[in-house]
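Chemist: Dropping in target.pdb, which is PDB, C-alpha atoms:
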MODEL        1
ATOM      1  CA  MET A   1       0.000   0.000   0.000
ATOM      2  CA  HIS A   2       2.758   2.404   0.793
ATOM      3  CA  LYS A   3       6.321   2.656  -0.352
ATOM      4  CA  ALA A   4       8.906   1.700   2.238
ATOM      5  CA  ILE A   5       9.720   4.672   4.433
ATOM      6  CA  LYS A   6      13.424   5.337   4.408
ATOM      7  CA  ALA A   7      15.085   6.825   7.458
ATOM      8  CA  LEU A   8      16.376  10.299   6.787
ATOM      9  CA  ALA A   9      19.585  11.796   8.116
ATOM     10  CA  LEU A  10      18.131  14.815   9.912
ATOM     11  CA  HIS A  11      21.091  15.793  12.034
ATOM     12  CA  HIS A  12      21.815  18.716   9.723
ATOM     13  CA  LEU A  13      18.172  19.745   9.424
ATOM     14  CA  ILE A  14      16.649  19.637  12.904
ATOM     15  CA  ALA A  15      17.974  20.969  16.172
ATOM     16  CA  GLN A  16      19.760  18.269  18.159
ATOM     17  CA  GLU A  17      17.639  18.801  21.258
ATOM     18  CA  VAL A  18      14.467  17.885  19.371
ATOM     19  CA  GLN A  19      15.734  15.000  17.254
ATOM     20  CA  THR A  20      13.557  11.898  17.076
ATOM     21  CA  ASN A  21      13.912   8.262  16.048
ATOM     22  CA  LYS A  22      10.886   8.584  13.739
ATOM     23  CA  ALA A  23      11.617   8.071  10.043
ATOM     24  CA  PHE A  24      10.231  10.840   7.855
ATOM     25  CA  ASN A  25       8.645   9.910   4.551
ATOM     26  CA  ILE A  26      10.410  12.555   2.475
ATOM     27  CA  ARG A  27      11.514  11.870  -1.080
ATOM     28  CA  ARG A  28      14.878  13.549  -1.575
ATOM     29  CA  THR A  29      15.901  12.278  -5.012
ATOM     30  CA  CYS A  30      14.278  12.653  -8.424
ATOM     31  CA  SER A  31      12.005   9.802  -9.540
ATOM     32  CA  ASP A  32      13.148  10.287 -13.136
ATOM     33  CA  HIS A  33      16.809  10.770 -12.225
ATOM     34  CA  PRO A  34      17.417   8.777  -9.016
ATOM     35  CA  GLU A  35      21.015   9.929  -8.806
ATOM     36  CA  MET A  36      19.950  13.592  -8.714
ATOM     37  CA  ALA A  37      18.809  15.406  -5.575
ATOM     38  CA  LEU A  38      15.618  17.471  -5.552
ATOM     39  CA  GLU A  39      16.966  21.020  -5.391
ATOM     40  CA  PHE A  40      14.465  23.252  -7.154
ATOM     41  CA  TYR A  41      10.781  24.161  -7.093
ATOM     42  CA  CYS A  42       8.740  24.946 -10.235
ATOM     43  CA  SER A  43       5.981  27.452  -9.517
ATOM     44  CA  ASN A  44       4.223  26.635 -12.785
ATOM     45  CA  HIS A  45       3.861  22.937 -11.995
ATOM     46  CA  GLU A  46       3.841  23.353  -8.192
ATOM     47  CA  ASN A  47       6.376  20.576  -7.832
ATOM     48  CA  VAL A  48       9.973  20.027  -6.790
ATOM     49  CA  CYS A  49      12.512  18.906  -9.369
ATOM     50  CA  CYS A  50      16.172  18.069  -9.784
ATOM     51  CA  ARG A  51      18.760  20.080 -11.679
ATOM     52  CA  THR A  52      18.358  17.912 -14.783
ATOM     53  CA  CYS A  53      14.568  18.268 -14.808
ATOM     54  CA  SER A  54      14.858  22.021 -14.305
ATOM     55  CA  VAL A  55      16.876  22.221 -17.517
ATOM     56  CA  ASN A  56      14.991  19.660 -19.597
ATOM     57  CA  THR A  57      11.371  19.493 -18.460
ATOM     58  CA  HIS A  58      10.972  22.934 -16.871
ATOM     59  CA  ARG A  59      13.202  24.947 -19.175
ATOM     60  CA  THR A  60      10.323  27.116 -20.432
ATOM     61  CA  CYS A  61       8.632  27.505 -17.051
ATOM     62  CA  GLY A  62       8.414  31.029 -15.760
ATOM     63  CA  LYS A  63       9.808  30.588 -12.305
ATOM     64  CA  ILE A  64      12.260  27.976 -11.015
ATOM     65  CA  LEU A  65      13.504  28.618  -7.491
ATOM     66  CA  PRO A  66      15.860  26.817  -5.127
ATOM     67  CA  ILE A  67      13.829  24.845  -2.611
ATOM     68  CA  ASP A  68      15.207  26.901   0.270
ATOM     69  CA  VAL A  69      13.913  30.060  -1.378
ATOM     70  CA  ALA A  70      10.554  28.617  -2.468
ATOM     71  CA  ALA A  71       9.961  27.171   0.995
ATOM     72  CA  ARG A  72      10.197  30.500   2.779
ATOM     73  CA  GLY A  73       7.003  31.147   4.678
ATOM     74  CA  ILE A  74       5.720  27.593   4.162
ATOM     75  CA  LYS A  75       4.762  27.270   7.831
ATOM     76  CA  SER A  76       2.109  29.952   7.357
ATOM     77  CA  SER A  77       1.122  28.888   3.817
ATOM     78  CA  VAL A  78      -2.277  27.855   2.501
ATOM     79  CA  LEU A  79      -0.702  24.598   1.299
ATOM     80  CA  LEU A  80       0.420  23.594   4.776
ATOM     81  CA  ASN A  81      -2.953  24.573   6.207
ATOM     82  CA  ASP A  82      -4.841  22.616   3.521
ATOM     83  CA  VAL A  83      -2.734  19.486   3.983
ATOM     84  CA  THR A  84      -3.100  19.720   7.756
ATOM     85  CA  GLU A  85      -6.877  20.020   7.445
ATOM     86  CA  ASP A  86      -6.989  17.147   4.947
ATOM     87  CA  LEU A  87      -5.036  14.978   7.373
ATOM     88  CA  LYS A  88      -7.422  15.864  10.191
ATOM     89  CA  GLY A  89     -10.346  14.857   8.003
ATOM     90  CA  LEU A  90      -8.682  11.623   6.952
ATOM     91  CA  LEU A  91      -7.778  10.808  10.530
ATOM     92  CA  LYS A  92     -11.365  11.359  11.665
ATOM     93  CA  THR A  93     -12.703   9.169   8.845
ATOM     94  CA  ALA A  94     -10.161   6.434   9.562
ATOM     95  CA  GLU A  95     -10.988   6.466  13.278
ATOM     96  CA  GLN A  96     -14.696   6.159  12.479
ATOM     97  CA  LEU A  97     -14.027   3.261  10.125
ATOM     98  CA  VAL A  98     -11.942   1.477  12.759
ATOM     99  CA  GLU A  99     -14.799   1.886  15.234
ATOM    100  CA  ASP A 100     -17.417   0.749  12.694
ATOM    101  CA  ARG A 101     -15.461  -2.345  11.664
ATOM    102  CA  ALA A 102     -14.835  -3.278  15.291
ATOM    103  CA  LYS A 103     -18.582  -3.036  15.963
ATOM    104  CA  ASN A 104     -19.255  -5.011  12.811
ATOM    105  CA  LYS A 105     -17.011  -7.825  14.035
ATOM    106  CA  GLU A 106     -18.876  -7.865  17.345
ATOM    107  CA  LYS A 107     -22.233  -7.988  15.534
ATOM    108  CA  ILE A 108     -21.132 -11.060  13.606
ATOM    109  CA  GLY A 109     -20.522 -12.967  16.833
ATOM    110  CA  LYS A 110     -23.868 -11.858  18.287
ATOM    111  CA  SER A 111     -25.609 -12.759  15.048
ATOM    112  CA  LYS A 112     -24.178 -16.251  15.242
ATOM    113  CA  ALA A 113     -25.493 -16.705  18.778
ATOM    114  CA  THR A 114     -28.960 -15.523  17.750
ATOM    115  CA  THR A 115     -29.050 -17.854  14.771
ATOM    116  CA  LEU A 116     -27.973 -20.818  16.896
ATOM    117  CA  GLN A 117     -30.774 -20.074  19.373
ATOM    118  CA  THR A 118     -33.280 -20.170  16.528
ATOM    119  CA  ILE A 119     -31.889 -23.478  15.362
ATOM    120  CA  VAL A 120     -32.110 -24.961  18.860
ATOM    121  CA  LYS A 121     -35.773 -23.893  19.144
ATOM    122  CA  PHE A 122     -36.553 -25.393  15.757
ATOM    123  CA  LYS A 123     -34.784 -28.597  16.766
ATOM    124  CA  ARG A 124     -36.975 -28.953  19.847
ATOM    125  CA  GLN A 125     -40.098 -28.778  17.699
ATOM    126  CA  LEU A 126     -39.035 -31.358  15.114
ATOM    127  CA  ILE A 127     -36.152 -33.157  16.793
ATOM    128  CA  GLN A 128     -36.555 -36.447  14.971
ATOM    129  CA  VAL A 129     -37.240 -35.064  11.514
ATOM    130  CA  LEU A 130     -34.672 -32.290  11.521
ATOM    131  CA  ASP A 131     -31.729 -33.919  13.265
ATOM    132  CA  GLU A 132     -29.577 -34.018  10.122
ATOM    133  CA  LEU A 133     -30.726 -30.574   9.082
ATOM    134  CA  GLU A 134     -29.620 -29.206  12.432
ATOM    135  CA  LYS A 135     -26.115 -30.547  11.954
ATOM    136  CA  LYS A 136     -25.953 -29.144   8.446
ATOM    137  CA  LEU A 137     -27.162 -25.706   9.476
ATOM    138  CA  ILE A 138     -24.756 -25.500  12.396
ATOM    139  CA  THR A 139     -21.879 -26.397  10.099
ATOM    140  CA  GLU A 140     -22.953 -23.776   7.570
ATOM    141  CA  ILE A 141     -23.284 -21.144  10.259
ATOM    142  CA  ASP A 142     -19.850 -21.926  11.635
ATOM    143  CA  GLU A 143     -18.357 -21.669   8.161
ATOM    144  CA  THR A 144     -20.201 -18.433   7.452
ATOM    145  CA  GLU A 145     -19.132 -16.983  10.778
ATOM    146  CA  LYS A 146     -15.514 -17.875  10.091
ATOM    147  CA  LYS A 147     -15.630 -16.324   6.627
ATOM    148  CA  LEU A 148     -17.342 -13.161   7.824
ATOM    149  CA  THR A 149     -15.096 -12.882  10.863
ATOM    150  CA  LYS A 150     -12.029 -13.282   8.663
ATOM    151  CA  LYS A 151     -13.376 -10.637   6.307
ATOM    152  CA  ALA A 152     -14.121  -8.303   9.214
ATOM    153  CA  GLU A 153     -10.634  -8.863  10.634
ATOM    154  CA  LEU A 154      -9.050  -8.130   7.252
ATOM    155  CA  GLU A 155     -11.121  -4.966   6.878
ATOM    156  CA  LEU A 156     -10.288  -3.871  10.399
ATOM    157  CA  SER A 157      -6.599  -4.602   9.839
ATOM    158  CA  ASP A 158      -6.585  -2.650   6.584
ATOM    159  CA  VAL A 159      -8.314   0.348   8.123
ATOM    160  CA  GLU A 160      -5.982   0.252  11.135
ATOM    161  CA  ILE A 161      -2.974   0.238   8.782
ATOM    162  CA  ARG A 162      -4.390   3.236   6.942
ATOM    163  CA  HIS A 163      -5.125   4.892  10.261
ATOM    164  CA  LYS A 164      -1.536   4.379  11.407
ATOM    165  CA  ALA A 165      -0.181   5.651   8.088
ATOM    166  CA  ILE A 166      -2.253   8.823   8.408
ATOM    167  CA  ILE A 167      -1.092   9.298  12.005
ATOM    168  CA  ASP A 168       2.531   8.849  10.882
ATOM    169  CA  ILE A 169       2.128  11.503   8.200
ATOM    170  CA  SER A 170       0.388  13.819  10.666
ATOM    171  CA  GLU A 171       3.133  13.353  13.253
ATOM    172  CA  GLN A 172       5.845  13.904  10.675
ATOM    173  CA  LEU A 173       4.182  17.082   9.467
ATOM    174  CA  GLU A 174       3.568  18.321  13.005
ATOM    175  CA  PHE A 175       7.173  17.616  14.004
ATOM    176  CA  LEU A 176       8.696  19.291  10.973
ATOM    177  CA  THR A 177       6.282  22.206  11.298
ATOM    178  CA  LYS A 178       7.538  22.813  14.834
ATOM    179  CA  HIS A 179      11.177  21.858  14.506
ATOM    180  CA  GLY A 180      12.143  21.268  10.886
ATOM    181  CA  SER A 181      13.420  23.507   8.160
ATOM    182  CA  GLU A 182      11.042  25.039   5.680
ATOM    183  CA  SER A 183      12.759  23.127   2.892
ATOM    184  CA  HIS A 184      11.905  19.805   4.446
ATOM    185  CA  ILE A 185       8.354  20.860   5.142
ATOM    186  CA  MET A 186       8.080  21.697   1.458
ATOM    187  CA  MET A 187       9.599  18.347   0.479
ATOM    188  CA  LEU A 188       7.375  16.409   2.893
ATOM    189  CA  LEU A 189       4.261  18.148   1.579
ATOM    190  CA  ASN A 190       5.299  17.361  -1.973
ATOM    191  CA  THR A 191       5.932  13.729  -1.021
ATOM    192  CA  VAL A 192       2.656  13.076   0.830
ATOM    193  CA  ARG A 193       0.220  14.941  -1.405
ATOM    194  CA  VAL A 194      -0.373  11.978  -3.715
ATOM    195  CA  ASP A 195      -0.615   9.568  -0.784
ATOM    196  CA  ILE A 196      -3.135  11.793   0.978
ATOM    197  CA  SER A 197      -5.274  11.970  -2.150
ATOM    198  CA  LYS A 198      -5.180   8.183  -2.516
ATOM    199  CA  GLN A 199      -6.021   7.672   1.156
ATOM    200  CA  GLU A 200      -8.924  10.081   0.836
ATOM    201  CA  ASN A 201     -10.347   8.227  -2.168
ATOM    202  CA  ASP A 202      -9.861   4.817  -0.524
ATOM    203  CA  LEU A 203     -11.489   5.922   2.730
ATOM    204  CA  LYS A 204     -14.466   7.332   0.840
ATOM    205  CA  ILE A 205     -14.956   3.904  -0.722
ATOM    206  CA  TRP A 206     -14.680   2.238   2.707
ATOM    207  CA  SER A 207     -17.201   4.705   4.128
ATOM    208  CA  ARG A 208     -19.767   3.747   1.510
ATOM    209  CA  LEU A 209     -19.519   0.035   2.260
ATOM    210  CA  THR A 210     -22.450  -1.331   4.250
ATOM    211  CA  ASN A 211     -21.751  -3.266   7.415
ATOM    212  CA  VAL A 212     -21.516  -7.005   6.872
ATOM    213  CA  LEU A 213     -24.106  -8.985   8.818
ATOM    214  CA  MET A 214     -24.824 -12.719   8.850
TER     215      MET A 214
ENDMDL
END
As structure tokens, please, write out the structure in this file.

Modeler:
Amino acid sequence: MHKAIKALALHHLIAQEVQTNKAFNIRRTCSDHPEMALEFYCSNHENVCCRTCSVNTHRTCGKILPIDVAARGIKSSVLLNDVTEDLKGLLKTAEQLVEDRAKNKEKIGKSKATTLQTIVKFKRQLIQVLDELEKKLITEIDETEKKLTKKAELELSDVEIRHKAIIDISEQLEFLTKHGSESHIMMLLNTVRVDISKQENDLKIWSRLTNVLM
């Protein structure tokens, strides 16, 4: 779901007294030219680029700035505010989905108990005639419960992973906003924008799913 998060060497970027063991998901090299560092920001495309891209792809763009220059004032920018608000919204949605899927898993267990009670009552009424049917139904219910429980566990696990990923991004952004350089805030925002958009779309799909009941 997510690319592996590489640990960044932040000892030159963040004050020593506030350093953390958390790995920041910041892309520092060009995806088209992996050997080239991201050094510039194109205002036309609103994206960071390497020296090679600035000459080839962005040669006709109106304004190419060094990242350090382009990142000035980023802590009070609309971009930072928008991303922060998007993360808050995603976090709230993810938390709600975690809660809903946990309740859904609980409902499956309760539904099984209710169904078994119905079967027992039916058995008492026609014990001789429905003895084999009882065994068959119990087996089917057990299998259905296992399948639905497994599905609920997978859904819950997936949502929890997304939830954790959103928290990680939020914590990274909060930490860099307080203690990091503006350049790295800019680079983090550029790195997580696509991921945030994907998470938002995925969580919208999850939100529309109806709870699974037996």

Chemist: Rank A:Thr144, A:Val192, A:Cys30, A:Asp100 by their smallest atom-to-atom distance to Ser170 in chain A, using all atoms listed in the file, and report the top residue only.

Modeler: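 The answer is A:Val192, which sits nearest to Ser170 in chain A.
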
Chemist: Between A:Arg193, A:Lys107, A:Lys63, A:His184, which residue has the minimum interatomic distance to Phe24 in chain A, considering only C-alpha atoms?

Modeler: A:His184

Chemist: Tell me, in Å to one decimal, how far CA of Tyr41 in chain A is from CA of Leu91 in chain A.

Modeler: 28.9 Å

Chemist: If we count all atoms listed in the file, what is near His163 in chain A at a cut-off of 12 Å, once residues fewer than 6 positions away on the same chain are taken out, given as number ranges by chain?

Modeler: A: 87-99, 156-157, 169-170, 196, 199-200, 202-203

Chemist: Using C-alpha atoms, can you export the residues from the last selection as a PDB file, in the coordinates of the input?

Modeler:
ATOM      1  CA  LEU A  87      -5.036  14.978   7.373  1.00  0.00           C
ATOM      2  CA  LYS A  88      -7.422  15.864  10.191  1.00  0.00           C
ATOM      3  CA  GLY A  89     -10.346  14.857   8.003  1.00  0.00           C
ATOM      4  CA  LEU A  90      -8.682  11.623   6.952  1.00  0.00           C
ATOM      5  CA  LEU A  91      -7.778  10.808  10.530  1.00  0.00           C
ATOM      6  CA  LYS A  92     -11.365  11.359  11.665  1.00  0.00           C
ATOM      7  CA  THR A  93     -12.703   9.169   8.845  1.00  0.00           C
ATOM      8  CA  ALA A  94     -10.161   6.434   9.562  1.00  0.00           C
ATOM      9  CA  GLU A  95     -10.988   6.466  13.278  1.00  0.00           C
ATOM     10  CA  GLN A  96     -14.696   6.159  12.479  1.00  0.00           C
ATOM     11  CA  LEU A  97     -14.027   3.261  10.125  1.00  0.00           C
ATOM     12  CA  VAL A  98     -11.942   1.477  12.759  1.00  0.00           C
ATOM     13  CA  GLU A  99     -14.799   1.886  15.234  1.00  0.00           C
ATOM     14  CA  LEU A 156     -10.288  -3.871  10.399  1.00  0.00           C
ATOM     15  CA  SER A 157      -6.599  -4.602   9.839  1.00  0.00           C
ATOM     16  CA  ILE A 169       2.128  11.503   8.200  1.00  0.00           C
ATOM     17  CA  SER A 170       0.388  13.819  10.666  1.00  0.00           C
ATOM     18  CA  ILE A 196      -3.135  11.793   0.978  1.00  0.00           C
ATOM     19  CA  GLN A 199      -6.021   7.672   1.156  1.00  0.00           C
ATOM     20  CA  GLU A 200      -8.924  10.081   0.836  1.00  0.00           C
ATOM     21  CA  ASP A 202      -9.861   4.817  -0.524  1.00  0.00           C
ATOM     22  CA  LEU A 203     -11.489   5.922   2.730  1.00  0.00           C
TER      23      LEU A 203
END

Chemist: For this structure, which residues satisfy the selection - the PyMOL selection byres ((chain A and resi 173) around 9) - when it is evaluated on the file as given? I want them as a list of chain:residue names.

Modeler: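 In the shown coordinates, the PyMOL selection byres ((chain A and resi 173) around 9) covers A:Phe24, A:Leu80, A:Thr84, A:Asp168, A:Ile169, A:Ser170, A:Glu171, A:Gln172, A:Glu174, A:Phe175, A:Leu176, A:Thr177, A:Lys178, A:Ile185, A:Leu188, A:Leu189.
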
Chemist: If you measure from CA of Thr52 in chain A to CA of Gly180 in chain A, what distance in Å do you get, rounded to one decimal?

Modeler: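 These two atoms are separated by 26.6 Å.
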
Chemist: Which residue out of A:Asn81, A:Thr149, A:Thr29, A:Ser43 has the minimum interatomic distance to Lys110 in chain A when all atoms listed in the file are used?

Modeler: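 Counting all atoms listed in the file, the residue closest to Lys110 in chain A is A:Thr149.
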
Chemist: Rank A:Thr139, A:Ser207, A:Ser183, A:Thr191 by their smallest atom-to-atom distance to Val159 in chain A, using only C-alpha atoms, and report the top residue only.

Modeler: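 Closest to Val159 in chain A, using only C-alpha atoms: A:Ser207.
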
Chemist: Compile the contact shell of range 66-72 of chain A as a ChimeraX atom specification: residues with an atom at most 10 Å away, counting only C-alpha atoms, same-chain residues fewer than 5 positions apart removed.

Modeler: /A:38-43,48-51,77,181-187

Chemist: Name the closest residue to Leu65 in chain A among the candidates A:Gln125, A:Arg27, A:Asn47, A:Asp82; distances are taken between atoms, counting only C-alpha atoms.

Modeler: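 Between A:Gln125, A:Arg27, A:Asn47, A:Asp82, the residue approaching Leu65 in chain A most closely is A:Asn47.
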
Chemist: Suppose you want the space between CA of Ile166 in chain A and CA of Ile205 in chain A; what is it in Å?

Modeler: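 About the pair CA of Ile166 in chain A and CA of Ile205 in chain A: they are 16.4 Å apart.
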
Chemist: Just want the 10 Å neighbourhood of Leu116 in chain A, counted on only C-alpha atoms, with same-chain residues fewer than 4 positions away dropped. Output as a CSV table (one decimal) with C-alpha atoms, in the frame of the given file.

Modeler:
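Ended up saving to result_34.csv:
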chain,number,residue,atom,x,y,z
A,110,LYS,CA,-23.9,-11.9,18.3
A,111,SER,CA,-25.6,-12.8,15.0
A,112,LYS,CA,-24.2,-16.3,15.2
A,120,VAL,CA,-32.1,-25.0,18.9
A,121,LYS,CA,-35.8,-23.9,19.1
A,122,PHE,CA,-36.6,-25.4,15.8
A,134,GLU,CA,-29.6,-29.2,12.4
A,137,LEU,CA,-27.2,-25.7,9.5
A,138,ILE,CA,-24.8,-25.5,12.4
A,141,ILE,CA,-23.3,-21.1,10.3
A,142,ASP,CA,-19.8,-21.9,11.6

Chemist: Let me make sure I understand: among A:Thr60, A:Glu145, A:Arg101, A:Lys151, which one has the smallest atom-to-atom distance to Ala113 in chain A if we use all atoms listed in the file?

Modeler: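 Checking each candidate against Ala113 in chain A, we get A:Glu145 as the closest.
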
Chemist: What are the centre and edge lengths in Å, to one decimal, of the axis-aligned box around all listed atoms of range 161-172 of chain A with 8 Å added on each side, as AutoDock Vina command-line options?

Modeler:
--center_x 0.4 --center_y 7.1 --center_z 10.1 --size_x 27.0 --size_y 29.7 --size_z 22.3

Chemist: Please fill the gaps in range 141-158 of chain A so it has N, CA and C atoms, and write that as a short mmCIF file (atom, residue, chain, number, x, y, z; two decimals), in the frame of the given file.

Modeler:
data_model
loop_
_atom_site.label_atom_id
_atom_site.label_comp_id
_atom_site.auth_asym_id
_atom_site.auth_seq_id
_atom_site.Cartn_x
_atom_site.Cartn_y
_atom_site.Cartn_z
N ILE A 141 -23.40 -22.38 9.48
CA ILE A 141 -23.28 -21.14 10.26
C ILE A 141 -21.85 -20.94 10.74
N ASP A 142 -21.25 -22.03 11.20
CA ASP A 142 -19.85 -21.93 11.64
C ASP A 142 -18.95 -21.47 10.49
N GLU A 143 -19.18 -22.05 9.31
CA GLU A 143 -18.36 -21.67 8.16
C GLU A 143 -18.60 -20.22 7.77
N THR A 144 -19.88 -19.83 7.79
CA THR A 144 -20.20 -18.43 7.45
C THR A 144 -19.60 -17.47 8.46
N GLU A 145 -19.70 -17.85 9.73
CA GLU A 145 -19.13 -16.98 10.78
C GLU A 145 -17.62 -16.82 10.62
N LYS A 146 -16.97 -17.93 10.28
CA LYS A 146 -15.51 -17.88 10.09
C LYS A 146 -15.15 -16.98 8.91
N LYS A 147 -15.91 -17.14 7.80
CA LYS A 147 -15.63 -16.32 6.63
C LYS A 147 -15.87 -14.85 6.91
N LEU A 148 -17.01 -14.56 7.55
CA LEU A 148 -17.34 -13.16 7.82
C LEU A 148 -16.40 -12.56 8.86
N THR A 149 -16.04 -13.37 9.86
CA THR A 149 -15.10 -12.88 10.86
C THR A 149 -13.74 -12.60 10.23
N LYS A 150 -13.30 -13.50 9.35
CA LYS A 150 -12.03 -13.28 8.66
C LYS A 150 -12.09 -12.02 7.82
N LYS A 151 -13.22 -11.84 7.13
CA LYS A 151 -13.38 -10.64 6.31
C LYS A 151 -13.37 -9.39 7.18
N ALA A 152 -14.08 -9.46 8.31
CA ALA A 152 -14.12 -8.30 9.21
C ALA A 152 -12.74 -8.00 9.78
N GLU A 153 -11.99 -9.06 10.11
CA GLU A 153 -10.63 -8.86 10.63
C GLU A 153 -9.72 -8.24 9.58
N LEU A 154 -9.86 -8.70 8.33
CA LEU A 154 -9.05 -8.13 7.25
C LEU A 154 -9.39 -6.67 7.03
N GLU A 155 -10.70 -6.36 7.06
CA GLU A 155 -11.12 -4.97 6.88
C GLU A 155 -10.61 -4.10 8.02
N LEU A 156 -10.76 -4.62 9.24
CA LEU A 156 -10.29 -3.87 10.40
C LEU A 156 -8.78 -3.66 10.33
N SER A 157 -8.06 -4.72 9.95
CA SER A 157 -6.60 -4.60 9.84
C SER A 157 -6.21 -3.57 8.79
N ASP A 158 -6.90 -3.60 7.66
CA ASP A 158 -6.58 -2.65 6.58
C ASP A 158 -6.84 -1.22 7.02
#
